[in-house]
Amino acid sequence: MEVLKVNLKNAGYYDKKDAIKDIHFSILSGGLVGLIGPNGAGKSTIIKSILGLMEDVDGDVTMGQGSKYAYIPEHPTYYDELTLWEHIELAKAVNEIEGDGYYQEAEKLLTIFRLTAEKHQYPGSFSKGMQQKLMIIIALLIKPKLYIVDEPFIGLDPKAIKDFINLLKEEQRSGAGILMSTHVLDTAEKMCDRFLLINYGNIIARGTMEEIRGQSVSDGSLMDCFYELTVNDHG
Ligand SMILES: Nc1ncnc2c1ncn2[C@@H]1O[C@H](COP(=O)(O)OP(=O)(O)OP(=O)(O)O)[C@@H](O)[C@H]1O
């Protein structure tokens with residue numbers, strides 16, 4: 001079952017209308033797709049197009065059943081006047097989640113991510129990694145069918161990265177589809193079952209690791225294929 005279908009002919013900005021071109025892909029329930037590519041390739045533009053944040057879009061994006069999704073941004077966003085726990089309460093209300101199981105799950109996640117002591121503090125006083133953990137906790141509590149995750153590995157400590165990967169994998173096993181943009185290719189290679197390699201706004205390679213190797217002269221890691229495929233592509 002498709003949880004996301006992206007058909008974009010073009011999307012871009014006032015002074016760069018074609019930042020991305022001919023971006024067509026789907027994410028299936030239980031699929032974890034790595035969105036990779038050099039700086040300025042168009043990954044954020046693809047994510048913004050999916051989230052409906054781009055003005056100049058020629059094409060369409062369809063979300064599957066229920067269309068409930070969670071976005072974990074690279075740069076955390078929060079309300080200055082709400083405590084960590086109030087953010088959790090707000091997410092419950094906004095997403096119309098019933099029952100107290102939600103709060104038990106929230107307590108469990110606060111323990112995993114070592115934020116129990118900060119429960120009634122304001123995220124403005126948190127470190128970047130702690131703010132990122134708040135974004136992750138809220139996304140996991142919403143239990144969406146689709147996760148869009150933007151560069152989750154920069155800023156999190158190693159334990160949090162491992163816990164986050166395990167929790168995301170659990171979501172995947174329960175049928176969520178995940179699109180994850182990252183530059184941390186060794187982790188992406190281990191986690192993702194498919195990849196989209198973006199360069200100069202185009203998809204230049206796609207598929208499983210095996211298929212990506214087939215499109216590259218390199219027979220090595222995702223990093224080797226990435227290097228070889230992007231170095232020889234001049235847009
Ligand atoms: N606000 C903007 N206005 C105009 N052009 C932009 C804007 N944001 C991005 N671009 C351009 O769109 C292209 C794609 O940028 P995008 O931010 O999608 O890259 P990215 O793959 O996410 O890069 P990174 O890995 O550095 O985050 C680049 O050429 C960039 O200069």
# chains A, B, ... in the order shown; residues from 1 in each chain; ligands from 1
$ closest_atom_pairs --of "chain A" --to "ligand 1" --cutoff "10 Å" --atoms "only C-alpha atoms and all ligand atoms" --output "CSV"
residue,atom,partner,partner_atom_place_in_ligand_line,distance
A:Ala11,CA,ligand 1,12 (O),9.2
A:Gly12,CA,ligand 1,12 (O),6.5
A:Tyr13,CA,ligand 1,4 (C),4.9
A:Tyr14,CA,ligand 1,4 (C),6.5
A:Asp15,CA,ligand 1,4 (C),5.8
A:Lys16,CA,ligand 1,5 (N),5.5
A:Lys17,CA,ligand 1,5 (N),8.3
A:Asp18,CA,ligand 1,12 (O),8.1
A:Ala19,CA,ligand 1,12 (O),4.6
A:Ile20,CA,ligand 1,14 (C),7.1
A:Leu35,CA,ligand 1,21 (O),9.0
A:Ile36,CA,ligand 1,21 (O),7.7
A:Gly37,CA,ligand 1,21 (O),6.1
A:Pro38,CA,ligand 1,25 (O),5.5
A:Asn39,CA,ligand 1,26 (O),3.3
A:Gly40,CA,ligand 1,19 (O),3.3
A:Ala41,CA,ligand 1,21 (O),3.8
A:Gly42,CA,ligand 1,18 (O),3.1
A:Lys43,CA,ligand 1,21 (O),3.7
A:Ser44,CA,ligand 1,22 (O),3.6
A:Thr45,CA,ligand 1,18 (O),3.7
A:Ile46,CA,ligand 1,18 (O),6.5
A:Ile47,CA,ligand 1,18 (O),8.0
A:Lys48,CA,ligand 1,18 (O),8.3
A:Ser49,CA,ligand 1,18 (O),9.8
A:Met54,CA,ligand 1,1 (N),9.5
A:Glu74,CA,ligand 1,27 (O),9.3
A:Asp150,CA,ligand 1,27 (O),9.1
A:Glu151,CA,ligand 1,27 (O),8.6
A:Ser181,CA,ligand 1,22 (O),8.4
A:Thr182,CA,ligand 1,25 (O),7.9
A:His183,CA,ligand 1,25 (O),7.2
A:Ile198,CA,ligand 1,21 (O),7.4
A:Asn199,CA,ligand 1,21 (O),7.9
A:Tyr200,CA,ligand 1,29 (O),7.4
A:Gly201,CA,ligand 1,14 (C),6.7
$ write_last_selection --atoms "N, CA and C atoms" --output "tab-separated table (two decimals), in the first residue's frame"
chain	number	residue	atom	x	y	z
A	11	ALA	N	9.74	22.05	-9.20
A	11	ALA	CA	9.42	22.85	-8.02
A	11	ALA	C	10.65	23.70	-7.74
A	12	GLY	N	10.42	24.90	-7.24
A	12	GLY	CA	11.57	25.76	-6.98
A	12	GLY	C	11.20	27.07	-6.35
A	13	TYR	N	12.06	28.03	-6.58
A	13	TYR	CA	11.98	29.31	-5.89
A	13	TYR	C	11.84	30.44	-6.90
A	14	TYR	N	11.55	31.62	-6.42
A	14	TYR	CA	11.35	32.79	-7.26
A	14	TYR	C	12.47	32.93	-8.29
A	15	ASP	N	13.71	32.79	-7.82
A	15	ASP	CA	14.84	32.98	-8.74
A	15	ASP	C	15.44	31.65	-9.19
A	16	LYS	N	14.78	30.54	-8.87
A	16	LYS	CA	15.27	29.22	-9.31
A	16	LYS	C	14.07	28.29	-9.39
A	17	LYS	N	13.30	28.47	-10.46
A	17	LYS	CA	12.01	27.78	-10.57
A	17	LYS	C	12.17	26.26	-10.70
A	18	ASP	N	13.32	25.82	-11.22
A	18	ASP	CA	13.48	24.39	-11.45
A	18	ASP	C	14.55	23.80	-10.53
A	19	ALA	N	14.44	24.11	-9.24
A	19	ALA	CA	15.40	23.54	-8.27
A	19	ALA	C	15.31	22.02	-8.29
A	20	ILE	N	14.11	21.47	-8.52
A	20	ILE	CA	13.99	20.02	-8.72
A	20	ILE	C	13.16	19.75	-9.98
A	35	LEU	N	16.84	9.52	1.30
A	35	LEU	CA	16.95	10.60	0.31
A	35	LEU	C	18.34	11.19	0.49
A	36	ILE	N	19.20	10.94	-0.50
A	36	ILE	CA	20.58	11.36	-0.33
A	36	ILE	C	21.03	12.20	-1.53
A	37	GLY	N	22.09	12.95	-1.35
A	37	GLY	CA	22.60	13.80	-2.42
A	37	GLY	C	23.45	14.92	-1.86
A	38	PRO	N	24.29	15.51	-2.71
A	38	PRO	CA	25.20	16.56	-2.25
A	38	PRO	C	24.47	17.82	-1.75
A	39	ASN	N	25.18	18.72	-1.12
A	39	ASN	CA	24.62	20.00	-0.68
A	39	ASN	C	24.03	20.72	-1.90
A	40	GLY	N	22.84	21.23	-1.72
A	40	GLY	CA	22.20	21.99	-2.80
A	40	GLY	C	21.59	21.15	-3.89
A	41	ALA	N	21.55	19.82	-3.71
A	41	ALA	CA	21.02	18.92	-4.74
A	41	ALA	C	19.51	19.06	-4.92
A	42	GLY	N	18.80	19.38	-3.82
A	42	GLY	CA	17.34	19.52	-3.92
A	42	GLY	C	16.56	18.69	-2.90
A	43	LYS	N	17.24	18.12	-1.93
A	43	LYS	CA	16.55	17.26	-0.96
A	43	LYS	C	15.53	18.05	-0.13
A	44	SER	N	15.96	19.20	0.39
A	44	SER	CA	15.03	20.01	1.20
A	44	SER	C	13.88	20.51	0.35
A	45	THR	N	14.17	20.81	-0.91
A	45	THR	CA	13.10	21.29	-1.81
A	45	THR	C	12.07	20.18	-2.02
A	46	ILE	N	12.53	18.95	-2.13
A	46	ILE	CA	11.60	17.81	-2.27
A	46	ILE	C	10.75	17.70	-1.00
A	47	ILE	N	11.40	17.77	0.15
A	47	ILE	CA	10.68	17.64	1.42
A	47	ILE	C	9.67	18.79	1.58
A	48	LYS	N	10.10	20.00	1.26
A	48	LYS	CA	9.18	21.15	1.37
A	48	LYS	C	8.01	21.00	0.41
A	49	SER	N	8.25	20.44	-0.77
A	49	SER	CA	7.15	20.24	-1.72
A	49	SER	C	6.14	19.23	-1.16
A	54	MET	N	6.15	24.76	-0.56
A	54	MET	CA	6.74	25.43	-1.72
A	54	MET	C	5.63	26.17	-2.47
A	74	GLU	N	15.05	19.16	10.59
A	74	GLU	CA	16.47	19.24	10.93
A	74	GLU	C	16.68	20.29	12.02
A	150	ASP	N	14.20	14.68	8.44
A	150	ASP	CA	15.26	15.46	7.80
A	150	ASP	C	16.51	15.45	8.67
A	151	GLU	N	17.56	14.88	8.18
A	151	GLU	CA	18.87	14.80	8.84
A	151	GLU	C	18.79	14.59	10.35
A	181	SER	N	16.01	11.98	4.89
A	181	SER	CA	17.10	12.65	4.22
A	181	SER	C	18.31	12.68	5.14
A	182	THR	N	19.47	12.30	4.63
A	182	THR	CA	20.66	12.33	5.48
A	182	THR	C	21.95	12.36	4.67
A	183	HIS	N	23.00	12.89	5.31
A	183	HIS	CA	24.34	12.83	4.74
A	183	HIS	C	25.17	11.74	5.41
A	198	ILE	N	19.88	12.14	-5.31
A	198	ILE	CA	19.51	13.39	-5.99
A	198	ILE	C	20.79	14.15	-6.34
A	199	ASN	N	20.83	14.69	-7.56
A	199	ASN	CA	21.94	15.56	-7.95
A	199	ASN	C	21.41	16.60	-8.92
A	200	TYR	N	21.78	17.85	-8.74
A	200	TYR	CA	21.30	18.94	-9.59
A	200	TYR	C	19.79	18.86	-9.82
A	201	GLY	N	19.05	18.54	-8.77
A	201	GLY	CA	17.59	18.56	-8.87
A	201	GLY	C	16.95	17.35	-9.51
$ residues_around --residues "Gly177 of chain A" --least-positions-apart "4" --cutoff "10 Å" --atoms "only C-alpha atoms" --output "ChimeraX atom specification"
/A:1-4,26-33,69,144-148,168,171-173
$ select_by_dssp --residues "segment 4-215 of chain A" --states "strand (DSSP E)" --output "short mmCIF file (atom, residue, chain, number, x, y, z; two decimals) with C-alpha atoms, in the first residue's frame"
data_model
loop_
_atom_site.label_atom_id
_atom_site.label_comp_id
_atom_site.auth_asym_id
_atom_site.auth_seq_id
_atom_site.Cartn_x
_atom_site.Cartn_y
_atom_site.Cartn_z
CA LEU A 4 3.15 8.63 -0.27
CA LYS A 5 3.16 9.28 -3.99
CA VAL A 6 5.25 12.13 -5.34
CA ASN A 7 4.87 13.33 -8.92
CA LEU A 8 6.73 16.58 -9.38
CA LYS A 9 7.54 17.97 -12.79
CA ASN A 10 9.19 21.05 -11.32
CA ALA A 11 9.42 22.85 -8.02
CA GLY A 12 11.57 25.76 -6.98
CA TYR A 13 11.98 29.31 -5.89
CA LYS A 16 15.27 29.22 -9.31
CA LYS A 17 12.01 27.78 -10.57
CA ASP A 18 13.48 24.39 -11.45
CA ALA A 19 15.40 23.54 -8.27
CA ILE A 20 13.99 20.02 -8.72
CA LYS A 21 12.90 18.36 -11.98
CA ASP A 22 10.98 15.16 -12.74
CA ILE A 23 10.90 13.77 -9.24
CA HIS A 24 8.63 10.71 -9.27
CA PHE A 25 8.59 8.12 -6.50
CA SER A 26 6.36 6.33 -4.02
CA ILE A 27 6.82 5.10 -0.50
CA LEU A 28 5.09 1.90 0.47
CA LEU A 32 12.28 3.11 4.57
CA VAL A 33 13.64 5.28 1.78
CA GLY A 34 16.88 7.24 2.09
CA LEU A 35 16.95 10.60 0.31
CA ILE A 36 20.58 11.36 -0.33
CA ASP A 56 6.18 27.20 -7.15
CA VAL A 57 5.18 23.58 -7.64
CA ASP A 58 4.21 21.93 -10.90
CA GLY A 59 2.98 18.48 -9.97
CA ASP A 60 1.25 16.75 -7.14
CA VAL A 61 1.83 14.86 -3.94
CA THR A 62 -0.65 12.30 -2.62
CA MET A 63 -0.66 10.84 0.85
CA TYR A 69 2.13 12.21 8.76
CA ALA A 70 4.86 13.37 11.11
CA TYR A 71 7.69 15.63 10.07
CA ILE A 72 10.90 15.59 12.08
CA LEU A 146 4.18 8.33 7.11
CA TYR A 147 7.33 9.81 8.65
CA ILE A 148 9.37 12.49 6.91
CA VAL A 149 12.69 12.81 8.68
CA ASP A 150 15.26 15.46 7.80
CA GLY A 177 6.48 4.37 5.53
CA ILE A 178 9.53 6.56 6.09
CA LEU A 179 11.38 9.08 3.95
CA MET A 180 14.67 10.07 5.53
CA SER A 181 17.10 12.65 4.22
CA ARG A 194 15.78 1.80 -0.85
CA PHE A 195 17.54 5.01 -1.85
CA LEU A 196 16.93 8.05 -4.01
CA LEU A 197 20.15 9.76 -5.05
CA ILE A 198 19.51 13.39 -5.99
CA ASN A 199 21.94 15.56 -7.95
CA ASN A 202 17.23 15.17 -10.58
CA ILE A 203 17.03 11.58 -9.39
CA ILE A 204 20.28 10.14 -10.79
CA ALA A 205 20.06 6.69 -9.18
CA ARG A 206 17.38 4.80 -7.29
CA GLY A 207 16.54 1.46 -5.77
#
$ atom_distance --atom1 "atom CA of Ser221 of chain A" --atom2 "atom CA of Leu185 of chain A"
8.8 Å
$ select_by_dssp --residues "segment 16-181 of chain A" --states "helix (DSSP H, G or I)" --output "ChimeraX atom specification"
/A:43-51,65-67,84-94,101-112,116-118,123-125,128-142,158-173
$ residues_around --residues "segment 117-124 of chain A" --least-positions-apart "4" --cutoff "8 Å" --atoms "only C-alpha atoms" --output "PyMOL selection string"
chain A and resi 78-86+110+130-131
$ write_last_selection --atoms "C-alpha atoms" --output "compact mmCIF listing (two decimals), in the first residue's frame"
# COMPACT_ATOMS: atom_id res chain seq x y z
CA TYR A 78 8.80 24.67 19.37
CA TYR A 79 6.63 27.10 21.30
CA ASP A 80 8.62 29.31 23.67
CA GLU A 81 5.74 29.57 26.12
CA LEU A 82 5.06 25.81 26.46
CA THR A 83 7.00 23.32 28.57
CA LEU A 84 8.15 19.97 27.19
CA TRP A 85 5.15 18.21 28.75
CA GLU A 86 2.75 20.88 27.45
CA LEU A 110 11.03 10.58 27.97
CA MET A 130 17.44 17.79 23.48
CA GLN A 131 15.19 19.92 21.26
